[in-house]
Amino acid sequence: STVYRYIETYYAPGRESRAEVTSSSKVTITFRAYEFAYSNITDSTFPFYSNDPLLEQAYLEAGLTPGAWSFEPLTLDMRGDILKGLRLALLGCRAGDEVEAYMTYNMAFGDRNFGTIPRESPIAWFFTVESVE
């Protein structure tokens with residue numbers, strides 16, 4: 001029942017002056033979601049879900065139906081219904097942050113099946129905080 005977070009840009013100059021994610025923020029992110037199989041996630045690891053426009057063509061070539069999901073940045077209301085683990089990973093992040101968040105299955109999707117990943121799989125979310133309102 002936990003989330004481990006690494007903010008790659010934590011020590012970036014000027015980070016403290018950028019907008020911070022709070023429990024009442026609206027946050028826009030670009031993300032890549034991976035099944036975390038306790039091994040390195042590299043550039044050749046393909047995410048099971050992403051809105052990164054750099055991956056759109058690769059998804060289409062892999063058989064994704066055009067228009068099945070959006071490759072636009074995702075805006076989340078922190079007061080709304082979002083994954084518990086993602087909410088915890090976002091709190092305290094700042095606009096422009098590049099983040100890796102690793103979460104147990106119960107912090108991600110619980111005991112439900114989620115399409116292409118095995119039930120009760122730990123999940124890794126790599127995301128960029130595009131903006132914070």
# chains A, B, ... in the order shown; residues from 1 in each chain; ligands from 1

$ closest_atom_pairs --of "range 12-50 of chain A" --to "range 85-97 of chain A" --cutoff "12 Å" --atoms "only C-alpha atoms" --output "JSON lines"
{"residue": "A:Ala12", "atom": "CA", "partner": "A:Asp97", "partner_atom": "CA", "distance": 9.0}
{"residue": "A:Pro13", "atom": "CA", "partner": "A:Gly96", "partner_atom": "CA", "distance": 11.6}
{"residue": "A:Gly14", "atom": "CA", "partner": "A:Gly96", "partner_atom": "CA", "distance": 10.6}
{"residue": "A:Arg15", "atom": "CA", "partner": "A:Arg94", "partner_atom": "CA", "distance": 7.2}
{"residue": "A:Glu16", "atom": "CA", "partner": "A:Arg94", "partner_atom": "CA", "distance": 8.0}
{"residue": "A:Ser17", "atom": "CA", "partner": "A:Arg94", "partner_atom": "CA", "distance": 8.8}
{"residue": "A:Arg18", "atom": "CA", "partner": "A:Ala95", "partner_atom": "CA", "distance": 5.8}
{"residue": "A:Ala19", "atom": "CA", "partner": "A:Arg94", "partner_atom": "CA", "distance": 5.4}
{"residue": "A:Glu20", "atom": "CA", "partner": "A:Arg94", "partner_atom": "CA", "distance": 4.3}
{"residue": "A:Val21", "atom": "CA", "partner": "A:Gly92", "partner_atom": "CA", "distance": 5.2}
{"residue": "A:Thr22", "atom": "CA", "partner": "A:Leu91", "partner_atom": "CA", "distance": 5.6}
{"residue": "A:Ser23", "atom": "CA", "partner": "A:Leu91", "partner_atom": "CA", "distance": 6.8}
{"residue": "A:Ser24", "atom": "CA", "partner": "A:Leu91", "partner_atom": "CA", "distance": 9.8}
{"residue": "A:Ser25", "atom": "CA", "partner": "A:Leu91", "partner_atom": "CA", "distance": 9.2}
{"residue": "A:Lys26", "atom": "CA", "partner": "A:Leu90", "partner_atom": "CA", "distance": 10.6}
{"residue": "A:Val27", "atom": "CA", "partner": "A:Leu90", "partner_atom": "CA", "distance": 8.4}
{"residue": "A:Thr28", "atom": "CA", "partner": "A:Ala95", "partner_atom": "CA", "distance": 8.9}
{"residue": "A:Ile29", "atom": "CA", "partner": "A:Ala95", "partner_atom": "CA", "distance": 9.3}
{"residue": "A:Thr30", "atom": "CA", "partner": "A:Gly96", "partner_atom": "CA", "distance": 10.7}
{"residue": "A:Phe31", "atom": "CA", "partner": "A:Leu86", "partner_atom": "CA", "distance": 11.0}
{"residue": "A:Ala33", "atom": "CA", "partner": "A:Leu86", "partner_atom": "CA", "distance": 10.8}

$ select_by_dssp --residues "chain A" --states "helix (DSSP H, G or I)" --output "list in words"
Arg15, Glu16, Ser17, Pro53, Leu54, Leu55, Glu56, Gln57, Ala58, Tyr59, Leu60, Glu61, Lys84, Gly85, Leu86, Arg87, Leu88, Ala89, Leu90, Tyr105, Asn106, Met107 and Ala108 of chain A

$ write_last_selection --atoms "N, CA, C and O atoms" --output "mmCIF file, in the first residue's frame"
data_model
loop_
_atom_site.group_PDB
_atom_site.id
_atom_site.type_symbol
_atom_site.label_atom_id
_atom_site.label_comp_id
_atom_site.auth_asym_id
_atom_site.auth_seq_id
_atom_site.Cartn_x
_atom_site.Cartn_y
_atom_site.Cartn_z
ATOM 1 N N ARG A 15 13.079 25.779 -9.235
ATOM 2 C CA ARG A 15 11.940 24.877 -9.037
ATOM 3 C C ARG A 15 10.996 25.385 -7.952
ATOM 4 O O ARG A 15 9.783 25.285 -8.079
ATOM 5 N N GLU A 16 11.534 25.937 -6.884
ATOM 6 C CA GLU A 16 10.706 26.382 -5.745
ATOM 7 C C GLU A 16 9.711 27.463 -6.143
ATOM 8 O O GLU A 16 8.691 27.639 -5.484
ATOM 9 N N SER A 17 9.997 28.205 -7.207
ATOM 10 C CA SER A 17 9.115 29.297 -7.616
ATOM 11 C C SER A 17 7.991 28.833 -8.546
ATOM 12 O O SER A 17 7.086 29.610 -8.847
ATOM 13 N N PRO A 53 2.486 12.041 -27.195
ATOM 14 C CA PRO A 53 2.322 12.088 -28.649
ATOM 15 C C PRO A 53 3.509 11.482 -29.405
ATOM 16 O O PRO A 53 3.355 11.061 -30.551
ATOM 17 N N LEU A 54 4.665 11.377 -28.764
ATOM 18 C CA LEU A 54 5.821 10.755 -29.410
ATOM 19 C C LEU A 54 5.621 9.254 -29.625
ATOM 20 O O LEU A 54 6.318 8.642 -30.424
ATOM 21 N N LEU A 55 4.660 8.663 -28.910
ATOM 22 C CA LEU A 55 4.398 7.229 -29.034
ATOM 23 C C LEU A 55 3.170 6.893 -29.875
ATOM 24 O O LEU A 55 2.893 5.722 -30.119
ATOM 25 N N GLU A 56 2.449 7.890 -30.311
ATOM 26 C CA GLU A 56 1.193 7.627 -31.027
ATOM 27 C C GLU A 56 1.400 6.718 -32.233
ATOM 28 O O GLU A 56 0.672 5.733 -32.406
ATOM 29 N N GLN A 57 2.372 7.000 -33.055
ATOM 30 C CA GLN A 57 2.610 6.188 -34.248
ATOM 31 C C GLN A 57 2.963 4.745 -33.874
ATOM 32 O O GLN A 57 2.490 3.806 -34.498
ATOM 33 N N ALA A 58 3.761 4.564 -32.823
ATOM 34 C CA ALA A 58 4.130 3.208 -32.392
ATOM 35 C C ALA A 58 2.893 2.429 -31.936
ATOM 36 O O ALA A 58 2.768 1.237 -32.226
ATOM 37 N N TYR A 59 1.972 3.085 -31.237
ATOM 38 C CA TYR A 59 0.736 2.414 -30.820
ATOM 39 C C TYR A 59 -0.111 2.024 -32.037
ATOM 40 O O TYR A 59 -0.675 0.934 -32.085
ATOM 41 N N LEU A 60 -0.206 2.930 -32.998
ATOM 42 C CA LEU A 60 -0.990 2.627 -34.199
ATOM 43 C C LEU A 60 -0.383 1.453 -34.948
ATOM 44 O O LEU A 60 -1.103 0.559 -35.406
ATOM 45 N N GLU A 61 0.946 1.431 -35.042
ATOM 46 C CA GLU A 61 1.616 0.310 -35.712
ATOM 47 C C GLU A 61 1.442 -0.995 -34.944
ATOM 48 O O GLU A 61 1.464 -2.074 -35.519
ATOM 49 N N LYS A 84 -5.455 6.407 -6.517
ATOM 50 C CA LYS A 84 -4.901 6.821 -5.237
ATOM 51 C C LYS A 84 -3.383 7.002 -5.319
ATOM 52 O O LYS A 84 -2.833 7.980 -4.821
ATOM 53 N N GLY A 85 -2.716 6.069 -5.953
ATOM 54 C CA GLY A 85 -1.259 6.150 -6.073
ATOM 55 C C GLY A 85 -0.814 7.332 -6.905
ATOM 56 O O GLY A 85 0.189 7.980 -6.589
ATOM 57 N N LEU A 86 -1.543 7.661 -7.958
ATOM 58 C CA LEU A 86 -1.193 8.809 -8.781
ATOM 59 C C LEU A 86 -1.426 10.101 -8.011
ATOM 60 O O LEU A 86 -0.617 11.033 -8.075
ATOM 61 N N ARG A 87 -2.513 10.170 -7.257
ATOM 62 C CA ARG A 87 -2.768 11.347 -6.416
ATOM 63 C C ARG A 87 -1.606 11.565 -5.448
ATOM 64 O O ARG A 87 -1.083 12.668 -5.325
ATOM 65 N N LEU A 88 -1.177 10.509 -4.775
ATOM 66 C CA LEU A 88 -0.071 10.633 -3.820
ATOM 67 C C LEU A 88 1.236 11.030 -4.511
ATOM 68 O O LEU A 88 2.028 11.810 -3.981
ATOM 69 N N ALA A 89 1.468 10.486 -5.699
ATOM 70 C CA ALA A 89 2.687 10.807 -6.436
ATOM 71 C C ALA A 89 2.696 12.264 -6.894
ATOM 72 O O ALA A 89 3.750 12.897 -6.943
ATOM 73 N N LEU A 90 1.538 12.808 -7.226
ATOM 74 C CA LEU A 90 1.461 14.178 -7.727
ATOM 75 C C LEU A 90 1.596 15.237 -6.637
ATOM 76 O O LEU A 90 2.158 16.310 -6.876
ATOM 77 N N TYR A 105 -0.020 -2.705 -6.652
ATOM 78 C CA TYR A 105 -1.254 -2.837 -7.425
ATOM 79 C C TYR A 105 -2.447 -2.221 -6.725
ATOM 80 O O TYR A 105 -3.324 -1.644 -7.357
ATOM 81 N N ASN A 106 -2.506 -2.308 -5.396
ATOM 82 C CA ASN A 106 -3.669 -1.766 -4.702
ATOM 83 C C ASN A 106 -3.680 -0.238 -4.685
ATOM 84 O O ASN A 106 -4.707 0.363 -4.454
ATOM 85 N N MET A 107 -2.538 0.395 -4.955
ATOM 86 C CA MET A 107 -2.503 1.846 -5.093
ATOM 87 C C MET A 107 -2.805 2.256 -6.534
ATOM 88 O O MET A 107 -3.041 3.413 -6.819
ATOM 89 N N ALA A 108 -2.770 1.298 -7.435
ATOM 90 C CA ALA A 108 -3.028 1.587 -8.846
ATOM 91 C C ALA A 108 -4.458 1.188 -9.203
ATOM 92 O O ALA A 108 -5.368 2.000 -9.142
#

$ closest_residue --among "A:Gly80, A:Asp43, A:Leu74, A:Glu100" --to "Ser131 in chain A" --atoms "only C-alpha atoms"
A:Leu74

$ residues_around --residues "Ser121 in chain A" --least-positions-apart "2" --cutoff "9 Å" --atoms "only C-alpha atoms" --output "short mmCIF file (atom, residue, chain, number, x, y, z; two decimals) with all heavy atoms, in the first residue's frame"
data_model
loop_
_atom_site.label_atom_id
_atom_site.label_comp_id
_atom_site.auth_asym_id
_atom_site.auth_seq_id
_atom_site.Cartn_x
_atom_site.Cartn_y
_atom_site.Cartn_z
N GLU A 35 3.72 -1.76 -16.74
CA GLU A 35 3.67 -2.83 -15.75
C GLU A 35 5.09 -2.92 -15.20
O GLU A 35 6.06 -3.01 -15.95
CB GLU A 35 3.29 -4.16 -16.40
CG GLU A 35 3.33 -5.31 -15.42
CD GLU A 35 3.18 -6.67 -16.09
OE1 GLU A 35 2.96 -6.75 -17.31
OE2 GLU A 35 3.34 -7.66 -15.36
N PHE A 36 5.23 -2.84 -13.89
CA PHE A 36 6.56 -2.87 -13.28
C PHE A 36 6.87 -4.30 -12.89
O PHE A 36 6.34 -4.83 -11.94
CB PHE A 36 6.63 -1.94 -12.07
CG PHE A 36 7.97 -1.89 -11.43
CD1 PHE A 36 9.11 -1.62 -12.19
CD2 PHE A 36 8.11 -2.10 -10.08
CE1 PHE A 36 10.36 -1.58 -11.60
CE2 PHE A 36 9.35 -2.05 -9.48
CZ PHE A 36 10.47 -1.79 -10.24
N ALA A 37 7.76 -4.92 -13.66
CA ALA A 37 8.09 -6.33 -13.46
C ALA A 37 9.41 -6.49 -12.71
O ALA A 37 10.14 -7.45 -12.93
CB ALA A 37 8.14 -7.04 -14.81
N THR A 104 2.32 -0.13 -5.73
CA THR A 104 1.77 -1.47 -5.60
C THR A 104 0.42 -1.52 -6.32
O THR A 104 -0.21 -0.49 -6.57
CB THR A 104 1.58 -1.83 -4.12
OG1 THR A 104 0.75 -0.83 -3.51
CG2 THR A 104 2.91 -1.91 -3.39
N TYR A 105 -0.02 -2.71 -6.65
CA TYR A 105 -1.25 -2.84 -7.43
C TYR A 105 -2.45 -2.22 -6.73
O TYR A 105 -3.32 -1.64 -7.36
CB TYR A 105 -1.53 -4.30 -7.78
CG TYR A 105 -2.04 -5.13 -6.63
CD1 TYR A 105 -3.40 -5.24 -6.37
CD2 TYR A 105 -1.16 -5.81 -5.79
CE1 TYR A 105 -3.87 -6.00 -5.32
CE2 TYR A 105 -1.62 -6.57 -4.74
CZ TYR A 105 -2.97 -6.66 -4.50
OH TYR A 105 -3.43 -7.41 -3.46
N ASN A 106 -2.51 -2.31 -5.40
CA ASN A 106 -3.67 -1.77 -4.70
C ASN A 106 -3.68 -0.24 -4.69
O ASN A 106 -4.71 0.36 -4.45
CB ASN A 106 -3.82 -2.34 -3.29
CG ASN A 106 -2.58 -2.23 -2.47
OD1 ASN A 106 -1.49 -2.07 -2.99
ND2 ASN A 106 -2.74 -2.31 -1.17
N ALA A 108 -2.77 1.30 -7.44
CA ALA A 108 -3.03 1.59 -8.85
C ALA A 108 -4.46 1.19 -9.20
O ALA A 108 -5.37 2.00 -9.14
CB ALA A 108 -2.01 0.86 -9.73
N PHE A 109 -4.67 -0.07 -9.52
CA PHE A 109 -5.98 -0.51 -10.01
C PHE A 109 -6.69 -1.45 -9.06
O PHE A 109 -7.76 -1.96 -9.37
CB PHE A 109 -5.82 -1.19 -11.38
CG PHE A 109 -5.15 -0.30 -12.38
CD1 PHE A 109 -3.85 -0.53 -12.78
CD2 PHE A 109 -5.82 0.79 -12.89
CE1 PHE A 109 -3.23 0.30 -13.69
CE2 PHE A 109 -5.21 1.64 -13.79
CZ PHE A 109 -3.92 1.39 -14.20
N ILE A 117 -2.68 -5.76 -18.76
CA ILE A 117 -1.72 -6.13 -17.71
C ILE A 117 -2.33 -7.18 -16.79
O ILE A 117 -3.53 -7.19 -16.56
CB ILE A 117 -1.26 -4.91 -16.90
CG1 ILE A 117 -2.43 -4.21 -16.22
CG2 ILE A 117 -0.48 -3.94 -17.77
CD1 ILE A 117 -2.03 -3.14 -15.25
N PRO A 118 -1.49 -8.06 -16.26
CA PRO A 118 -2.01 -9.09 -15.35
C PRO A 118 -2.57 -8.48 -14.06
O PRO A 118 -2.09 -7.45 -13.59
CB PRO A 118 -0.78 -9.94 -15.05
CG PRO A 118 0.19 -9.66 -16.13
CD PRO A 118 -0.07 -8.25 -16.55
N ARG A 119 -3.58 -9.13 -13.54
CA ARG A 119 -4.19 -8.72 -12.28
C ARG A 119 -3.12 -8.62 -11.19
O ARG A 119 -2.19 -9.41 -11.16
CB ARG A 119 -5.27 -9.74 -11.91
CG ARG A 119 -5.87 -9.54 -10.57
CD ARG A 119 -6.93 -10.58 -10.29
NE ARG A 119 -8.16 -9.84 -10.26
CZ ARG A 119 -9.32 -10.26 -10.64
NH1 ARG A 119 -9.47 -11.48 -11.08
NH2 ARG A 119 -10.37 -9.49 -10.59
N ILE A 123 2.71 -1.11 -10.77
CA ILE A 123 2.67 -0.20 -11.90
C ILE A 123 3.73 0.89 -11.71
O ILE A 123 3.99 1.33 -10.59
CB ILE A 123 1.28 0.48 -12.01
CG1 ILE A 123 0.18 -0.56 -12.12
CG2 ILE A 123 1.22 1.48 -13.15
CD1 ILE A 123 0.24 -1.42 -13.35
#

$ atom_distance --atom1 "CA of Phe48 in chain A" --atom2 "CA of Val132 in chain A"
25.5 Å
